[in-house]
Structures are given as C-alpha cells and as structure tokens.
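Student: Have a look at the structure that comes next, please.
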Amino acid sequence: MPYEPPTHTVERSLRATTGAKIVAGIDEVGRGAWAGPVSVCAAVTGLRRPPDGLTDSKLLTPKRRTELCDVLADWVTSYGLGHSSPEEIDALGMTAALRLAAVRALEALPVRPDAVILDGKHDYLGAPWRVRTVIKGDQSCIAVAAASVIAKVRRDAMMAELGLEYADFDFATNAGYPSPTHRTALEEHGPTPYHRVSWSYMDALPRWRHLKKVRVTPEAAALEAGGQLGFDF
C-alpha cells in the first residue's frame, strides 16, 4: 500500500517556535511484549533528505528494516538506545519504564537535544525535556521514523540472541510478543527470567500462576494507572 514519506515539518516548526537547534525523534518498541525489555531509540537527523523508503518500521519487511537500519546508522547525525528490563517494568509499570528507557536513550546521545518529538499522543517523558507529541509520528516525522527502525531492528536482534538460550520460545520469530509457540512454551516451561511476570497473561498459566509478581511499590501502580510519572531517574 502506498504511503506518504515522512518529512521535517514538525522539526522545522519546533525550530521556528522554540528556537531549538537540536531536535531528537523518539520511538519505542516492545511495549506489548510478554518478554524482553522495552526499548527506546532517540535519533537526531538534522534537516537532510532521508534514505529512500524510510517510514514506520511496522510498514517494512524484516529484510528491508535490517537493510535500512544499516544505512541509518551512518546517515543519522547521532542516535542513542535505552532499555528498561522486565524487572524494571514489573517494579515500576510501563509508563515509568518507558520514561526510564527514553531518558537512557537521550543521555546516550553525544549532545543533549533542545527538543524532542515523541511518537504517540501521551507524553511519557515529561519535564525537564521539551516534548512535542505527534500521533503516528513514526510515519510522518523523519527523525521518529529513523528511531522506529533502529529501535525495532536492535531489539529484535537482542531477542533473537536470547532465543538461542530459550529455543522453545521462538524469540527470534516473535520477539517476545504473544504467539501460539510462545504461549505453548510458557504453559510447558513457565516464564524465563526475561518475562514480565506481573502481567495478566500469568493468570492463564495455572501451573505457574504462583510466580506472578505484584508490582513492587503501590505508588508506582497508582502513577501507572493514572498515566502520571513522578519518578526521578
């Protein structure tokens, strides 16, 4: 299906209205997975013309994503990756874990950006970062699209390597997301140390339900439910 290529429109707007000189695009991957980290990429691209075919990673085949990621690694001005572990997701909830991963990605950049374009409608990053949220930013904004491809390819590679240790779970194919093979392996073997064991899928595993964890801090649970942040990382 044809799609409109991403542009620098939002980045130009941020530069014009805020005076920002360095703008980073941010996207995440792994939010809905049962296993593995949630991963965030922050990419700075400047205003150069992007590589042909750049768009939201979900619109690309695995082969094309990998090819494009190799190109982007040299094309972007800079990029940083940040991850929150399953243990951190279980302890803090997804909103705070996303913020933690995003801050790690931003701090991995060689220069702190003046503004951030965040994919989606919810600002899980918050102060002190200057954030512009953009729904479907991974399709419309060049820096966010670049971040989406890099984040997806890098996390998939991490999960494929993990799959060598836990072959029955087929992480190389499902990347830790729900799948029939993944569910069958869970029923037979129970969760690995890389599973998010506070999640509701554990309720459907009678043999392993006793391993389900309650989120460590009630405050984190309340903040997650309310979509608030309030954590100092």
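Residues in the structure tokens are numbered from 1 in each chain, the chains being A, B, ... in the order shown, and ligands are numbered from 1 in the order shown.
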If you run DSSP on the backbone here, which positions in region 27-215 of chain A get strand (DSSP E)? Please write them as a list of chain:residue names.

Tutor: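 Taking region 27-215 of chain A and keeping strand (DSSP E) only, one gets A:Asp27, A:Glu28, A:Val29, A:Val38, A:Ser39, A:Val40, A:Cys41, A:Ala42, A:Ala43, A:Val44, A:Ser78, A:Tyr79, A:Gly80, A:Leu81, A:Gly82, A:His83, A:Ser84, A:Ala115, A:Val116, A:Ile117, A:Leu118, A:Asp119, A:Val131, A:Arg132, A:Thr133, A:Val134.
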
Student: Excluding region 8-17 of chain A and its own-chain neighbours fewer than 3 positions away, which residues fall within 12 Å of it when counting only C-alpha atoms? Please give them as a count of residues only.

Tutor: 37

Student: Rounded to one decimal place, report the CA of Leu186 (chain A)-CA of Asp203 (chain A) distance in Å.

Tutor: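 Pair CA of Leu186 (chain A) / CA of Asp203 (chain A) returns 11.8 Å.
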
Student: Each residue of region 16-87 of chain A with at least one atom at most 12 Å from region 181-185 of chain A should appear once, together with its nearest atom pair and the corresponding distance in Å (one decimal); atoms considered: only C-alpha atoms; ordering: chain, then increasing residue number; output as a tab-separated table.

Tutor:
```
residue	atom	partner	partner_atom	distance
A:Ala33	CA	A:His182	CA	10.8
A:Trp34	CA	A:His182	CA	9.1
A:Ala35	CA	A:His182	CA	9.7
```

Student: Would you list, as a short mmCIF file (atom, residue, chain, number, x, y, z; two decimals) with N, CA and C atoms, in the first residue's frame, the residues of region 12-120 of chain A that end up in helix (DSSP H, G or I) under DSSP run on this structure's backbone?

Tutor:
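Now in out-v3.cif:
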```cif
data_model
loop_
_atom_site.label_atom_id
_atom_site.label_comp_id
_atom_site.auth_asym_id
_atom_site.auth_seq_id
_atom_site.Cartn_x
_atom_site.Cartn_y
_atom_site.Cartn_z
N ARG A 12 10.89 21.45 11.76
CA ARG A 12 11.01 22.85 11.35
C ARG A 12 10.12 23.74 12.22
N SER A 13 8.93 23.24 12.56
CA SER A 13 8.03 24.01 13.42
C SER A 13 8.63 24.21 14.80
N LEU A 14 9.21 23.17 15.36
CA LEU A 14 9.84 23.29 16.67
C LEU A 14 11.00 24.28 16.63
N ARG A 15 11.78 24.22 15.59
CA ARG A 15 12.90 25.15 15.46
C ARG A 15 12.41 26.59 15.38
N ALA A 16 11.33 26.80 14.62
CA ALA A 16 10.82 28.15 14.42
C ALA A 16 10.14 28.71 15.67
N THR A 17 9.41 27.87 16.39
CA THR A 17 8.61 28.37 17.51
C THR A 17 9.34 28.35 18.84
N THR A 18 10.37 27.49 18.98
CA THR A 18 11.05 27.38 20.27
C THR A 18 12.52 27.78 20.20
N SER A 57 8.66 1.55 11.04
CA SER A 57 9.25 0.21 10.92
C SER A 57 8.19 -0.87 10.72
N LYS A 58 6.98 -0.64 11.24
CA LYS A 58 5.93 -1.65 11.12
C LYS A 58 5.44 -1.81 9.68
N LEU A 59 5.74 -0.85 8.83
CA LEU A 59 5.31 -0.91 7.43
C LEU A 59 6.37 -1.57 6.55
N PRO A 62 10.93 -7.41 7.44
CA PRO A 62 12.14 -7.57 8.27
C PRO A 62 13.43 -7.36 7.48
N LYS A 63 13.46 -7.86 6.25
CA LYS A 63 14.67 -7.71 5.43
C LYS A 63 14.93 -6.24 5.13
N ARG A 64 13.87 -5.52 4.73
CA ARG A 64 14.04 -4.10 4.40
C ARG A 64 14.39 -3.28 5.63
N ARG A 65 13.80 -3.64 6.79
CA ARG A 65 14.14 -2.93 8.03
C ARG A 65 15.62 -3.06 8.34
N THR A 66 16.14 -4.28 8.22
CA THR A 66 17.55 -4.51 8.53
C THR A 66 18.45 -3.74 7.58
N GLU A 67 18.11 -3.78 6.29
CA GLU A 67 18.90 -3.04 5.30
C GLU A 67 18.88 -1.54 5.61
N LEU A 68 17.71 -1.03 5.93
CA LEU A 68 17.56 0.40 6.19
C LEU A 68 18.27 0.80 7.47
N CYS A 69 18.23 -0.07 8.47
CA CYS A 69 18.92 0.22 9.73
C CYS A 69 20.41 0.39 9.52
N ASP A 70 20.99 -0.46 8.67
CA ASP A 70 22.41 -0.35 8.37
C ASP A 70 22.74 1.00 7.73
N VAL A 71 21.85 1.45 6.86
CA VAL A 71 22.05 2.76 6.21
C VAL A 71 21.88 3.89 7.22
N LEU A 72 20.84 3.78 8.05
CA LEU A 72 20.53 4.84 9.01
C LEU A 72 21.62 5.02 10.05
N ALA A 73 22.27 3.93 10.44
CA ALA A 73 23.31 4.02 11.46
C ALA A 73 24.41 4.99 11.05
N ASP A 74 24.69 5.08 9.75
CA ASP A 74 25.69 6.01 9.25
C ASP A 74 25.09 7.34 8.82
N TRP A 75 23.78 7.34 8.47
CA TRP A 75 23.15 8.54 7.94
C TRP A 75 22.75 9.53 9.04
N PRO A 86 12.75 -6.30 32.07
CA PRO A 86 11.49 -6.85 32.59
C PRO A 86 11.32 -6.60 34.08
N GLU A 87 12.42 -6.68 34.84
CA GLU A 87 12.34 -6.42 36.28
C GLU A 87 11.90 -4.99 36.55
N GLU A 88 12.41 -4.05 35.77
CA GLU A 88 12.03 -2.65 35.96
C GLU A 88 10.57 -2.42 35.54
N ILE A 89 10.16 -3.09 34.48
CA ILE A 89 8.76 -2.98 34.05
C ILE A 89 7.84 -3.53 35.13
N ASP A 90 8.19 -4.68 35.70
CA ASP A 90 7.38 -5.27 36.77
C ASP A 90 7.33 -4.36 37.99
N ALA A 91 8.44 -3.72 38.31
CA ALA A 91 8.51 -2.91 39.52
C ALA A 91 7.83 -1.56 39.37
N LEU A 92 7.98 -0.93 38.20
CA LEU A 92 7.55 0.45 38.03
C LEU A 92 6.28 0.62 37.24
N MET A 94 4.56 0.27 33.09
CA MET A 94 5.06 0.59 31.76
C MET A 94 5.34 2.07 31.55
N THR A 95 4.51 2.95 32.07
CA THR A 95 4.74 4.38 31.84
C THR A 95 6.09 4.81 32.38
N ALA A 96 6.37 4.47 33.63
CA ALA A 96 7.64 4.85 34.23
C ALA A 96 8.81 4.13 33.58
N ALA A 97 8.60 2.87 33.18
CA ALA A 97 9.67 2.13 32.50
C ALA A 97 9.99 2.75 31.15
N LEU A 98 8.97 3.20 30.44
CA LEU A 98 9.21 3.89 29.17
C LEU A 98 10.01 5.17 29.38
N ARG A 99 9.66 5.90 30.41
CA ARG A 99 10.40 7.13 30.69
C ARG A 99 11.86 6.81 31.01
N LEU A 100 12.08 5.79 31.80
CA LEU A 100 13.43 5.39 32.15
C LEU A 100 14.23 5.04 30.91
N ALA A 101 13.64 4.26 30.00
CA ALA A 101 14.33 3.87 28.77
C ALA A 101 14.59 5.08 27.88
N ALA A 102 13.60 5.99 27.81
CA ALA A 102 13.75 7.18 26.96
C ALA A 102 14.85 8.10 27.49
N VAL A 103 14.91 8.28 28.81
CA VAL A 103 15.97 9.11 29.39
C VAL A 103 17.33 8.48 29.12
N ARG A 104 17.41 7.17 29.23
CA ARG A 104 18.68 6.49 28.93
C ARG A 104 19.08 6.70 27.47
N ALA A 105 18.10 6.64 26.57
CA ALA A 105 18.40 6.86 25.15
C ALA A 105 18.88 8.28 24.91
N LEU A 106 18.19 9.25 25.51
CA LEU A 106 18.58 10.65 25.33
C LEU A 106 19.95 10.93 25.93
N GLU A 107 20.23 10.32 27.06
CA GLU A 107 21.53 10.54 27.70
C GLU A 107 22.66 9.83 26.96
#
```

Student: Quick one: of A:Leu211, A:Val29, A:Leu125, A:Leu162, who's nearest to Ser198 (chain A), counting only C-alpha atoms?

Tutor: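 Of all the options, A:Leu211 lies closest to Ser198 (chain A).
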
Student: Can you pull out every residue within 10 Å of Asn174 (chain A), counting only C-alpha atoms, but drop anything in the same chain fewer than 2 positions away, and send it as a PDB file with N, CA and C atoms, in the first residue's frame?

Tutor:
```pdb
ATOM      1  N   ALA A  33       5.031  -6.617  24.479  1.00  0.00           N
ATOM      2  CA  ALA A  33       5.633  -7.956  24.556  1.00  0.00           C
ATOM      3  C   ALA A  33       5.446  -8.557  25.939  1.00  0.00           C
ATOM      4  N   ALA A  35       7.855 -10.739  26.993  1.00  0.00           N
ATOM      5  CA  ALA A  35       9.230 -10.990  27.428  1.00  0.00           C
ATOM      6  C   ALA A  35      10.166  -9.966  26.792  1.00  0.00           C
ATOM      7  N   ASP A 156      14.950  -6.556  18.108  1.00  0.00           N
ATOM      8  CA  ASP A 156      14.750  -7.880  17.502  1.00  0.00           C
ATOM      9  C   ASP A 156      16.031  -8.704  17.559  1.00  0.00           C
ATOM     10  N   MET A 159      16.468 -10.041  21.033  1.00  0.00           N
ATOM     11  CA  MET A 159      15.569 -11.153  21.327  1.00  0.00           C
ATOM     12  C   MET A 159      15.983 -12.421  20.573  1.00  0.00           C
ATOM     13  N   ALA A 160      16.501 -12.264  19.357  1.00  0.00           N
ATOM     14  CA  ALA A 160      16.980 -13.433  18.606  1.00  0.00           C
ATOM     15  C   ALA A 160      18.148 -14.085  19.329  1.00  0.00           C
ATOM     16  N   GLY A 163      16.864 -15.965  22.126  1.00  0.00           N
ATOM     17  CA  GLY A 163      16.220 -17.182  21.651  1.00  0.00           C
ATOM     18  C   GLY A 163      17.167 -18.356  21.504  1.00  0.00           C
ATOM     19  N   PHE A 169      10.860 -21.023  22.997  1.00  0.00           N
ATOM     20  CA  PHE A 169      10.008 -19.830  22.995  1.00  0.00           C
ATOM     21  C   PHE A 169      10.003 -19.105  21.650  1.00  0.00           C
ATOM     22  N   ASP A 170      10.926 -19.454  20.768  1.00  0.00           N
ATOM     23  CA  ASP A 170      10.968 -18.896  19.419  1.00  0.00           C
ATOM     24  C   ASP A 170      11.038 -17.367  19.426  1.00  0.00           C
ATOM     25  N   PHE A 171      11.890 -16.820  20.299  1.00  0.00           N
ATOM     26  CA  PHE A 171      12.019 -15.368  20.395  1.00  0.00           C
ATOM     27  C   PHE A 171      12.535 -14.744  19.099  1.00  0.00           C
ATOM     28  N   ALA A 172      13.273 -15.507  18.301  1.00  0.00           N
ATOM     29  CA  ALA A 172      13.785 -14.963  17.041  1.00  0.00           C
ATOM     30  C   ALA A 172      12.659 -14.604  16.088  1.00  0.00           C
ATOM     31  N   GLY A 176       9.363 -11.923  21.608  1.00  0.00           N
ATOM     32  CA  GLY A 176       8.812 -11.812  22.949  1.00  0.00           C
ATOM     33  C   GLY A 176       7.345 -11.452  23.009  1.00  0.00           C
ATOM     34  N   TYR A 177       6.734 -11.235  21.849  1.00  0.00           N
ATOM     35  CA  TYR A 177       5.310 -10.912  21.797  1.00  0.00           C
ATOM     36  C   TYR A 177       4.479 -12.199  21.865  1.00  0.00           C
ATOM     37  N   PRO A 178       3.181 -12.078  22.181  1.00  0.00           N
ATOM     38  CA  PRO A 178       2.319 -13.261  22.207  1.00  0.00           C
ATOM     39  C   PRO A 178       2.289 -13.967  20.858  1.00  0.00           C
ATOM     40  N   SER A 179       2.362 -15.278  20.883  1.00  0.00           N
ATOM     41  CA  SER A 179       2.217 -16.113  19.696  1.00  0.00           C
ATOM     42  C   SER A 179       1.848 -17.512  20.180  1.00  0.00           C
ATOM     43  N   PRO A 180       1.281 -18.365  19.318  1.00  0.00           N
ATOM     44  CA  PRO A 180       0.950 -19.729  19.749  1.00  0.00           C
ATOM     45  C   PRO A 180       2.156 -20.480  20.304  1.00  0.00           C
ATOM     46  N   THR A 181       3.306 -20.369  19.638  1.00  0.00           N
ATOM     47  CA  THR A 181       4.506 -21.056  20.115  1.00  0.00           C
ATOM     48  C   THR A 181       4.942 -20.529  21.473  1.00  0.00           C
ATOM     49  N   HIS A 182       4.887 -19.220  21.615  1.00  0.00           N
ATOM     50  CA  HIS A 182       5.279 -18.591  22.874  1.00  0.00           C
ATOM     51  C   HIS A 182       4.357 -19.053  24.002  1.00  0.00           C
TER      52      HIS A 182
END
```
